[in-house]
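Visitor: Structure file start-v8.csv, CSV, C-alpha atoms, is pasted below:
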chain,number,residue,atom,x,y,z
A,2,GLY,CA,94.4,-112.3,55.9
A,3,ALA,CA,93.6,-113.2,52.3
A,4,GLY,CA,97.2,-113.1,51.1
A,5,GLY,CA,100.3,-115.0,52.0
A,6,LYS,CA,101.9,-118.3,51.1
A,7,GLY,CA,99.6,-121.3,50.6
A,8,VAL,CA,96.3,-119.3,50.2
A,9,TRP,CA,94.1,-118.7,47.3
A,10,GLY,CA,93.7,-114.9,47.9
A,11,VAL,CA,90.5,-112.9,48.0
A,12,PRO,CA,87.6,-114.4,46.0
A,13,GLY,CA,87.6,-112.9,42.6
A,14,SER,CA,91.2,-111.7,42.7
A,15,GLU,CA,92.0,-114.1,39.9
A,16,LEU,CA,90.0,-111.9,37.6
A,17,LEU,CA,92.2,-108.9,38.3
A,18,GLU,CA,95.3,-110.5,37.1
A,19,GLU,CA,96.2,-110.1,33.5
A,20,TYR,CA,96.6,-113.5,31.8
A,21,VAL,CA,99.7,-113.8,29.6
A,22,GLU,CA,99.8,-116.4,26.9
A,23,ASP,CA,103.0,-118.5,27.0
A,24,ALA,CA,104.4,-119.0,23.5
A,25,ASN,CA,106.2,-122.2,24.7
A,26,ASP,CA,102.9,-123.7,26.0
A,27,PRO,CA,102.1,-126.8,23.9
A,28,ASN,CA,98.4,-125.6,23.8
A,29,TYR,CA,99.4,-122.1,22.7
A,30,ASP,CA,97.3,-121.0,19.6
A,31,SER,CA,98.8,-117.9,17.8
A,32,GLU,CA,95.5,-117.3,15.9
A,33,ALA,CA,93.6,-117.0,19.2
A,34,VAL,CA,95.6,-114.0,20.3
A,35,ASN,CA,93.4,-110.8,20.2
A,36,GLY,CA,96.0,-108.3,21.1
A,37,ASP,CA,96.1,-106.7,17.7
A,38,VAL,CA,92.4,-106.9,16.9
A,39,GLU,CA,90.6,-103.6,16.3
A,40,PHE,CA,86.9,-103.3,16.4
A,41,LYS,CA,85.1,-100.7,14.3
A,42,GLN,CA,81.4,-99.8,14.1
A,43,VAL,CA,79.9,-100.8,10.8
A,44,ILE,CA,76.6,-99.0,9.8
A,45,VAL,CA,74.6,-101.0,7.3
A,46,GLU,CA,73.1,-98.7,4.7
A,47,ALA,CA,69.5,-99.4,3.8
A,48,ASP,CA,68.6,-99.7,0.1
A,49,PRO,CA,67.1,-96.5,-1.4
A,50,GLU,CA,63.9,-98.4,-2.2
A,51,ASP,CA,63.6,-99.4,1.4
A,52,ILE,CA,64.0,-95.8,2.6
A,53,VAL,CA,61.2,-94.7,0.2
A,54,ARG,CA,59.0,-97.6,1.1
A,55,LYS,CA,59.3,-96.9,4.9
A,56,SER,CA,59.0,-93.2,4.5
A,57,GLU,CA,55.7,-93.2,2.6
A,58,PRO,CA,53.4,-94.4,5.5
A,59,VAL,CA,55.1,-92.0,7.9
A,60,ILE,CA,54.4,-89.1,5.6
A,61,LEU,CA,50.8,-90.1,4.9
A,62,GLU,CA,50.2,-90.6,8.6
A,63,TYR,CA,51.7,-87.1,9.2
A,64,PHE,CA,49.1,-85.7,6.8
A,65,GLU,CA,46.5,-87.1,9.2
A,66,HIS,CA,47.8,-85.9,12.6
A,67,GLY,CA,50.1,-83.0,11.6
A,68,ASP,CA,52.7,-83.8,14.4
A,69,THR,CA,56.1,-83.0,12.9
A,70,ASN,CA,57.9,-84.3,16.0
A,71,ALA,CA,56.3,-87.7,15.8
A,72,ALA,CA,57.1,-87.9,12.1
A,73,ALA,CA,60.8,-87.0,12.8
A,74,GLU,CA,61.1,-89.7,15.5
A,75,ASP,CA,59.6,-92.3,13.1
A,76,LEU,CA,62.0,-91.3,10.3
A,77,LEU,CA,65.1,-91.3,12.5
A,78,GLU,CA,64.5,-95.0,13.2
A,79,PHE,CA,65.6,-96.0,9.7
A,80,VAL,CA,67.1,-93.0,7.9
A,81,THR,CA,70.9,-92.6,7.7
A,82,ALA,CA,72.8,-89.4,6.8
A,83,SER,CA,73.7,-90.6,3.4
A,84,ARG,CA,70.1,-91.4,2.5
A,85,SER,CA,68.3,-88.5,4.1
A,86,HIS,CA,67.8,-86.7,0.8
A,87,LEU,CA,65.4,-89.5,-0.2
A,88,VAL,CA,63.0,-88.5,2.7
A,89,CYS,CA,62.8,-84.9,1.4
A,90,GLU,CA,62.3,-86.1,-2.1
A,91,THR,CA,59.5,-88.5,-1.0
A,92,ILE,CA,57.7,-85.8,1.0
A,93,ILE,CA,57.5,-83.5,-2.1
A,94,GLU,CA,56.5,-86.3,-4.5
A,95,ILE,CA,53.7,-87.4,-2.3
A,96,ALA,CA,52.5,-83.8,-1.7
A,97,LEU,CA,52.3,-83.3,-5.5
A,98,ASP,CA,49.4,-85.8,-5.6
A,99,HIS,CA,47.5,-84.1,-2.7
A,100,LYS,CA,45.7,-80.8,-2.0
A,101,PRO,CA,47.3,-77.4,-1.4
A,102,SER,CA,46.7,-77.9,2.4
A,103,HIS,CA,48.9,-81.0,2.3
A,104,CYS,CA,51.5,-79.1,0.3
A,105,GLU,CA,51.5,-76.6,3.1
A,106,MET,CA,51.9,-79.4,5.7
A,107,ALA,CA,54.8,-80.8,3.6
A,108,SER,CA,56.6,-77.5,3.6
A,109,VAL,CA,56.2,-77.2,7.3
A,110,LEU,CA,57.5,-80.8,7.7
A,111,ILE,CA,60.6,-80.1,5.6
A,112,SER,CA,61.3,-76.9,7.6
A,113,ASP,CA,61.0,-78.8,10.9
A,114,LEU,CA,63.1,-81.8,9.7
A,115,TYR,CA,65.9,-79.4,8.5
A,116,GLY,CA,68.9,-79.8,10.8
A,117,ARG,CA,67.4,-82.8,12.4
A,118,VAL,CA,66.9,-85.4,9.7
A,119,PHE,CA,68.5,-83.7,6.7
A,120,SER,CA,70.7,-80.7,5.9
A,121,ALA,CA,70.6,-77.9,3.3
A,122,LYS,CA,72.8,-80.0,1.0
A,123,ASP,CA,70.4,-82.9,1.3
A,124,ILE,CA,67.4,-80.6,0.4
A,125,ALA,CA,69.3,-79.2,-2.6
A,126,TYR,CA,70.3,-82.6,-3.8
A,127,ALA,CA,66.7,-83.7,-3.5
A,128,PHE,CA,65.5,-80.8,-5.6
A,129,GLU,CA,68.2,-81.6,-8.2
A,130,ARG,CA,66.9,-85.1,-8.5
A,131,LEU,CA,63.3,-83.9,-8.6
A,132,LEU,CA,64.1,-81.4,-11.4
A,133,GLU,CA,65.7,-84.1,-13.4
A,134,LYS,CA,62.6,-86.4,-13.3
A,135,LEU,CA,60.1,-83.5,-13.5
A,136,PRO,CA,59.1,-84.4,-17.1
A,137,ASP,CA,57.9,-87.8,-15.7
A,138,LEU,CA,56.1,-86.1,-12.8
A,139,VAL,CA,54.3,-83.8,-15.2
A,140,LEU,CA,52.6,-86.8,-16.8
A,141,ASP,CA,50.8,-87.7,-13.6
A,142,THR,CA,50.5,-84.1,-12.2
A,143,PRO,CA,50.2,-81.6,-15.1
A,144,GLU,CA,50.9,-78.6,-12.8
A,145,ALA,CA,54.0,-80.3,-11.2
A,146,ALA,CA,56.3,-77.6,-12.5
A,147,VAL,CA,54.3,-74.8,-10.8
A,148,LEU,CA,54.1,-76.8,-7.6
A,149,MET,CA,57.8,-77.5,-7.7
A,150,SER,CA,58.6,-73.8,-8.0
A,151,ASN,CA,56.4,-73.2,-5.0
A,152,PHE,CA,58.3,-75.7,-2.9
A,153,ILE,CA,61.7,-74.3,-4.0
A,154,ALA,CA,60.7,-70.7,-3.2
A,155,ARG,CA,59.1,-71.7,0.1
A,156,CYS,CA,62.2,-73.6,1.2
A,157,VAL,CA,64.3,-70.6,0.4
A,158,ALA,CA,61.9,-68.4,2.4
A,159,ASP,CA,62.1,-70.9,5.3
A,160,ASP,CA,66.0,-70.7,5.3
A,161,CYS,CA,66.2,-74.4,4.4
A,162,LEU,CA,67.6,-73.8,1.0
A,163,PRO,CA,70.2,-71.2,0.1
A,164,PRO,CA,69.1,-68.6,-2.5
A,165,LYS,CA,72.2,-69.4,-4.6
A,166,PHE,CA,70.5,-72.8,-5.4
A,167,VAL,CA,68.0,-71.0,-7.7
A,168,GLN,CA,70.7,-68.6,-9.0
A,169,SER,CA,73.0,-71.5,-9.9
A,170,LYS,CA,70.3,-73.3,-11.9
A,171,THR,CA,69.4,-70.2,-13.9
A,172,GLY,CA,72.1,-70.8,-16.4
A,173,ALA,CA,72.3,-74.5,-16.1
A,174,ASP,CA,71.3,-77.0,-18.8
A,175,LEU,CA,67.8,-78.1,-17.7
A,176,ASN,CA,64.8,-79.8,-19.3
A,177,SER,CA,61.9,-77.5,-20.2
A,178,SER,CA,59.8,-78.4,-17.2
A,179,ALA,CA,62.7,-77.8,-14.8
A,180,ARG,CA,63.5,-74.5,-16.6
A,181,GLN,CA,59.9,-73.4,-16.1
A,182,ALA,CA,60.0,-74.3,-12.3
A,183,ILE,CA,63.3,-72.5,-11.8
A,184,ASN,CA,62.2,-69.3,-13.6
A,185,ARG,CA,59.0,-69.2,-11.7
A,186,ALA,CA,60.8,-69.7,-8.4
A,187,GLU,CA,63.2,-66.9,-9.2
A,188,THR,CA,60.2,-64.6,-10.0
A,189,LEU,CA,58.5,-65.5,-6.7
A,190,LEU,CA,61.7,-64.7,-4.7
A,191,SER,CA,62.3,-61.5,-6.6
A,192,MET,CA,58.8,-60.1,-5.8
A,193,LYS,CA,58.5,-57.2,-3.5
A,194,GLN,CA,58.1,-58.6,0.0
A,195,GLY,CA,58.3,-62.0,-1.6
A,196,LEU,CA,59.7,-63.8,1.3
A,197,VAL,CA,56.9,-62.7,3.5
A,198,ARG,CA,54.2,-63.5,1.0
A,199,LEU,CA,55.7,-67.0,0.4
A,200,ASP,CA,54.4,-68.0,3.9
A,201,ASN,CA,51.0,-68.2,2.3
A,202,ILE,CA,52.1,-69.5,-1.1
A,203,TRP,CA,49.8,-72.6,-0.7
A,204,GLY,CA,46.9,-70.5,0.5
A,205,VAL,CA,45.2,-71.0,3.8
A,206,GLY,CA,43.1,-74.2,3.9
A,207,GLY,CA,41.7,-76.9,6.1
A,208,GLY,CA,41.8,-76.4,9.8
A,209,ILE,CA,44.4,-73.7,9.5
A,210,ARG,CA,41.7,-71.1,8.6
A,211,PRO,CA,40.1,-69.0,11.3
A,212,VAL,CA,36.7,-70.2,12.6
A,213,LYS,CA,34.9,-67.0,11.5
A,214,SER,CA,36.3,-67.6,8.0
A,215,LEU,CA,35.1,-71.2,8.0
A,216,ILE,CA,31.6,-70.2,9.1
A,217,ARG,CA,31.4,-67.6,6.4
A,218,GLN,CA,32.4,-70.1,3.8
A,219,ILE,CA,29.9,-72.6,5.0
A,220,GLN,CA,27.1,-70.0,4.8
A,221,LEU,CA,28.1,-69.0,1.3
A,222,LEU,CA,28.2,-72.7,0.3
A,223,LEU,CA,24.6,-73.3,1.6
A,224,LYS,CA,23.3,-70.1,-0.2
A,225,GLU,CA,24.9,-71.1,-3.4
A,226,TYR,CA,23.4,-74.6,-3.1
A,227,LEU,CA,19.9,-73.2,-2.5
A,228,THR,CA,20.3,-71.0,-5.6
A,229,SER,CA,21.8,-73.6,-8.0
A,230,GLY,CA,20.4,-76.8,-6.6
A,231,ASP,CA,23.6,-78.6,-7.7
A,232,LEU,CA,23.9,-81.3,-5.1
A,233,ALA,CA,27.1,-82.8,-6.6
A,234,GLU,CA,28.9,-79.4,-6.6
A,235,ALA,CA,27.8,-78.8,-3.0
A,236,MET,CA,29.3,-82.2,-1.9
A,237,ARG,CA,32.6,-81.2,-3.7
A,238,CYS,CA,32.7,-77.9,-1.9
A,239,VAL,CA,32.2,-79.6,1.4
A,240,ARG,CA,35.1,-81.9,0.7
A,241,ASP,CA,37.3,-79.0,-0.4
A,242,LEU,CA,36.8,-77.4,3.0
A,243,GLU,CA,38.9,-80.2,4.5
A,244,VAL,CA,37.5,-79.7,8.0
A,245,PRO,CA,35.9,-83.0,9.1
A,246,HIS,CA,36.3,-82.0,12.7
A,247,PHE,CA,34.1,-78.9,12.0
A,248,HIS,CA,31.3,-80.6,10.2
A,249,HIS,CA,29.0,-80.1,13.2
A,250,GLU,CA,29.0,-76.4,12.3
A,251,LEU,CA,27.9,-77.3,8.7
A,252,VAL,CA,25.0,-79.2,10.1
A,253,TYR,CA,24.2,-76.4,12.6
A,254,GLU,CA,24.1,-73.8,9.8
A,255,THR,CA,21.9,-76.0,7.6
A,256,VAL,CA,19.3,-76.7,10.3
A,257,LEU,CA,19.3,-73.0,11.4
A,258,LEU,CA,18.8,-72.0,7.7
A,259,ALA,CA,15.9,-74.4,7.5
A,260,VAL,CA,14.3,-73.0,10.6
A,261,GLU,CA,14.7,-69.4,9.6
A,262,ALA,CA,13.4,-70.0,6.0
A,263,ILE,CA,9.9,-71.0,7.0
A,264,ASN,CA,9.6,-72.5,3.5
A,265,SER,CA,8.8,-76.2,2.9
A,266,SER,CA,10.7,-76.3,-0.5
A,267,VAL,CA,13.8,-74.9,1.2
A,268,GLU,CA,13.4,-77.4,4.0
A,269,GLU,CA,13.2,-80.3,1.5
A,270,GLN,CA,16.3,-79.0,-0.3
A,271,LEU,CA,18.3,-78.8,2.9
A,272,CYS,CA,17.0,-82.1,4.1
A,273,THR,CA,18.2,-83.7,0.8
A,274,PHE,CA,21.6,-82.0,1.4
A,275,LEU,CA,22.0,-83.5,4.8
A,276,ALA,CA,20.8,-86.9,3.6
A,277,GLU,CA,23.4,-86.9,0.8
A,278,LEU,CA,26.1,-86.0,3.4
A,279,ARG,CA,25.2,-89.0,5.4
A,280,ARG,CA,24.9,-91.3,2.3
A,281,CYS,CA,28.3,-90.3,1.1
A,282,VAL,CA,29.8,-90.7,4.6
A,283,ILE,CA,31.1,-87.1,4.4
A,284,VAL,CA,29.6,-86.2,7.7
A,285,THR,CA,29.8,-88.8,10.5
A,286,PRO,CA,26.7,-89.6,12.6
A,287,ASP,CA,28.4,-88.1,15.6
A,288,GLN,CA,29.0,-84.8,13.8
A,289,MET,CA,25.4,-84.8,12.5
A,290,ASP,CA,24.0,-85.3,16.0
A,291,ARG,CA,26.3,-82.6,17.5
A,292,GLY,CA,25.0,-80.1,14.9
A,293,PHE,CA,21.3,-80.8,15.8
A,294,LEU,CA,22.1,-80.7,19.5
A,295,ARG,CA,23.8,-77.3,19.2
A,296,VAL,CA,20.6,-76.0,17.5
A,297,LEU,CA,18.5,-77.4,20.4
A,298,GLU,CA,20.8,-75.7,22.9
A,299,ASP,CA,20.4,-72.3,21.2
A,300,MET,CA,16.6,-72.5,20.6
A,301,SER,CA,15.9,-70.1,23.4
A,302,ASP,CA,17.8,-67.4,21.5
A,303,ILE,CA,16.7,-68.5,18.0
A,304,VAL,CA,13.0,-68.2,18.9
A,305,LEU,CA,13.5,-64.5,19.7
A,306,ASP,CA,14.2,-63.8,16.0
A,307,VAL,CA,12.0,-66.6,14.6
A,308,PRO,CA,8.8,-67.0,16.7
A,309,LEU,CA,7.8,-70.1,14.7
A,310,ALA,CA,11.3,-71.7,15.4
A,311,TYR,CA,10.0,-74.6,17.5
A,312,ILE,CA,7.4,-75.8,15.1
A,313,MET,CA,9.8,-75.3,12.2
A,314,LEU,CA,12.5,-77.4,13.9
A,315,ASP,CA,10.0,-80.1,14.8
A,316,ARG,CA,8.8,-80.3,11.1
A,317,PHE,CA,12.4,-80.3,9.8
A,318,VAL,CA,13.5,-83.1,12.2
A,319,GLU,CA,10.5,-85.2,11.1
A,320,ARG,CA,11.3,-84.6,7.5
A,321,CYS,CA,15.0,-85.6,8.1
A,322,GLN,CA,13.9,-88.8,10.0
A,323,LEU,CA,12.2,-90.0,6.9
A,324,ARG,CA,15.6,-89.7,5.0
A,325,PHE,CA,18.2,-90.8,7.6
A,326,ARG,CA,18.3,-91.7,11.2
A,327,LEU,CA,19.2,-89.3,14.0
A,328,GLY,CA,20.6,-90.3,17.3
A,329,ASP,CA,18.2,-91.3,20.1
A,330,HIS,CA,19.7,-88.7,22.4
A,331,VAL,CA,18.8,-86.0,19.8
A,332,LEU,CA,15.2,-87.2,19.6
A,333,ALA,CA,15.0,-87.4,23.3
A,334,ARG,CA,15.9,-83.7,23.7
A,335,MET,CA,13.4,-82.5,21.1
A,336,PRO,CA,11.1,-80.0,22.9
A,337,THR,CA,7.3,-80.4,22.8
A,338,ARG,CA,6.8,-76.7,23.2
A,339,GLY,CA,6.4,-76.3,19.4
A,340,ARG,CA,3.0,-78.0,19.3
A,341,LYS,CA,1.8,-76.7,22.6
A,342,ARG,CA,2.1,-73.1,21.6
A,343,PHE,CA,-0.3,-73.6,18.7
A,344,VAL,CA,-2.8,-75.9,20.4
A,345,SER,CA,-5.7,-75.0,22.7
A,346,GLU,CA,-8.2,-77.2,24.5
A,347,GLY,CA,-11.1,-75.8,22.4
A,348,ASP,CA,-9.5,-76.9,19.2
A,349,GLY,CA,-9.7,-80.6,20.0
A,350,GLY,CA,-5.9,-80.9,20.0
A,351,LEU,CA,-5.5,-79.6,16.5
A,352,ILE,CA,-2.9,-77.2,15.4
A,353,LYS,CA,-4.4,-73.8,14.5
A,354,ASP,CA,-4.7,-73.0,10.9
A,355,HIS,CA,-2.6,-69.7,11.2
A,356,ALA,CA,0.3,-71.8,12.4
A,357,LEU,CA,0.4,-73.7,9.1
A,358,LYS,CA,0.0,-70.8,6.8
A,359,LEU,CA,3.6,-70.7,6.0
A,360,ARG,CA,5.3,-69.7,2.8
A,361,GLU,CA,5.4,-72.7,0.5
Take the structure from the file and write it as structure tokens.
Guide:
Amino acid sequence: GAGGKGVWGVPGSELLEEYVEDANDPNYDSEAVNGDVEFKQVIVEADPEDIVRKSEPVILEYFEHGDTNAAAEDLLEFVTASRSHLVCETIIEIALDHKPSHCEMASVLISDLYGRVFSAKDIAYAFERLLEKLPDLVLDTPEAAVLMSNFIARCVADDCLPPKFVQSKTGADLNSSARQAINRAETLLSMKQGLVRLDNIWGVGGGIRPVKSLIRQIQLLLKEYLTSGDLAEAMRCVRDLEVPHFHHELVYETVLLAVEAINSSVEEQLCTFLAELRRCVIVTPDQMDRGFLRVLEDMSDIVLDVPLAYIMLDRFVERCQLRFRLGDHVLARMPTRGRKRFVSEGDGGLIKDHALKLRE
């Protein structure tokens, strides 16, 4: 057995015995006794400047990918409960300097972070701080008071902010800009079916819009450009669409319009339009090539409505090649049918005159 007189016991049994310090022991150290020591968890609060500094890249990255869950996980790594109002405050301040579509994304982010990163009290405190410094924000963003009222009304509609917040501020002593924001928010909330309408308070922009609506806007943009000839305005309108992933549709509609126009001046104008998109790096080479490839795939249907479609496409591609470079895979898929349809052996390989009698 492991026990008994004169044995050491089971290996490890010495760890089970409670060691008692002997106060009479010459080596006894009263300061080394830990019997009355109590350990408590200490949470080190980050500085407000650090919270804001770390939040900014997370919010800007969210504006790129739109994933609220990923943004919440990143924020929870450094945000504590007592500093969470700073996150809400930073989200709104950054959104004020961006487009309406980003303001919509900011409202969605606040709604999704509610109850996870910050509470209704945190959101209310953030708005109180923003209202106090609204006169300074107006200097950089003149419409900040209107935007702030939109954010307040939207948070109430999303049940992130109690309606009494706006009511309590109605009679409070506020600066002129804050007073304007509160009065407008109260008006928005008191409108008939106001809470329902506030879902679209920022409008519908960017990739949120339906595809048919985007196509219609692209077509109107191109027609307006052909009418006015204002290239800079056309570039601004393309940027305002905020759909870089859908630029292949813009290229598709442009090439299709050039093919259907059968007019060299229109072709030159549309070629200039595409060349400027490439020069300003608004449309990437990949999106440009995808647009041309989509036209090539639909040529069998396009030619039913435009009998000269093949030769028009061939002429437009040659014109574009003089202004910018298309991908080799686009050029490789260009059909030779366009020239063959208007060439006969008796013509010595020349294109017939009637094929070139196009409206100039």
Visitor: Mind pulling up the distance from CA of Thr91 (chain A) to CA of Phe152 (chain A)?
Guide: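 Between CA of Phe152 (chain A) and CA of Thr91 (chain A) the gap works out to 13.0 Å.
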Visitor: Would you list the contacts of Val139 (chain A) as a count of residues only, taking every protein, DNA or RNA residue within 12 Å and counting only C-alpha atoms, but skipping same-chain residues closer than 2 positions in sequence?
Guide: 25
Visitor: For Asp123 (chain A), please output as a PyMOL selection string all residues within 10 Å (counting only C-alpha atoms; exclusion window: fewer than 3 positions along the same chain).
Guide: chain A and resi 82-90+115+118-120+126-129+161-162
Visitor: Can you measure CA of Leu215 (chain A) to CA of Arg240 (chain A) for me? One decimal in Å is fine.
Guide: 13.0 Å
Visitor: Select, from A:Glu268, A:Asp315, A:Glu250, A:Glu57, the residue with the minimum atom-to-atom distance to Val284 (chain A), counting only C-alpha atoms.
Guide: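 Using only C-alpha atoms, the shortest distance to Val284 (chain A) belongs to A:Glu250.
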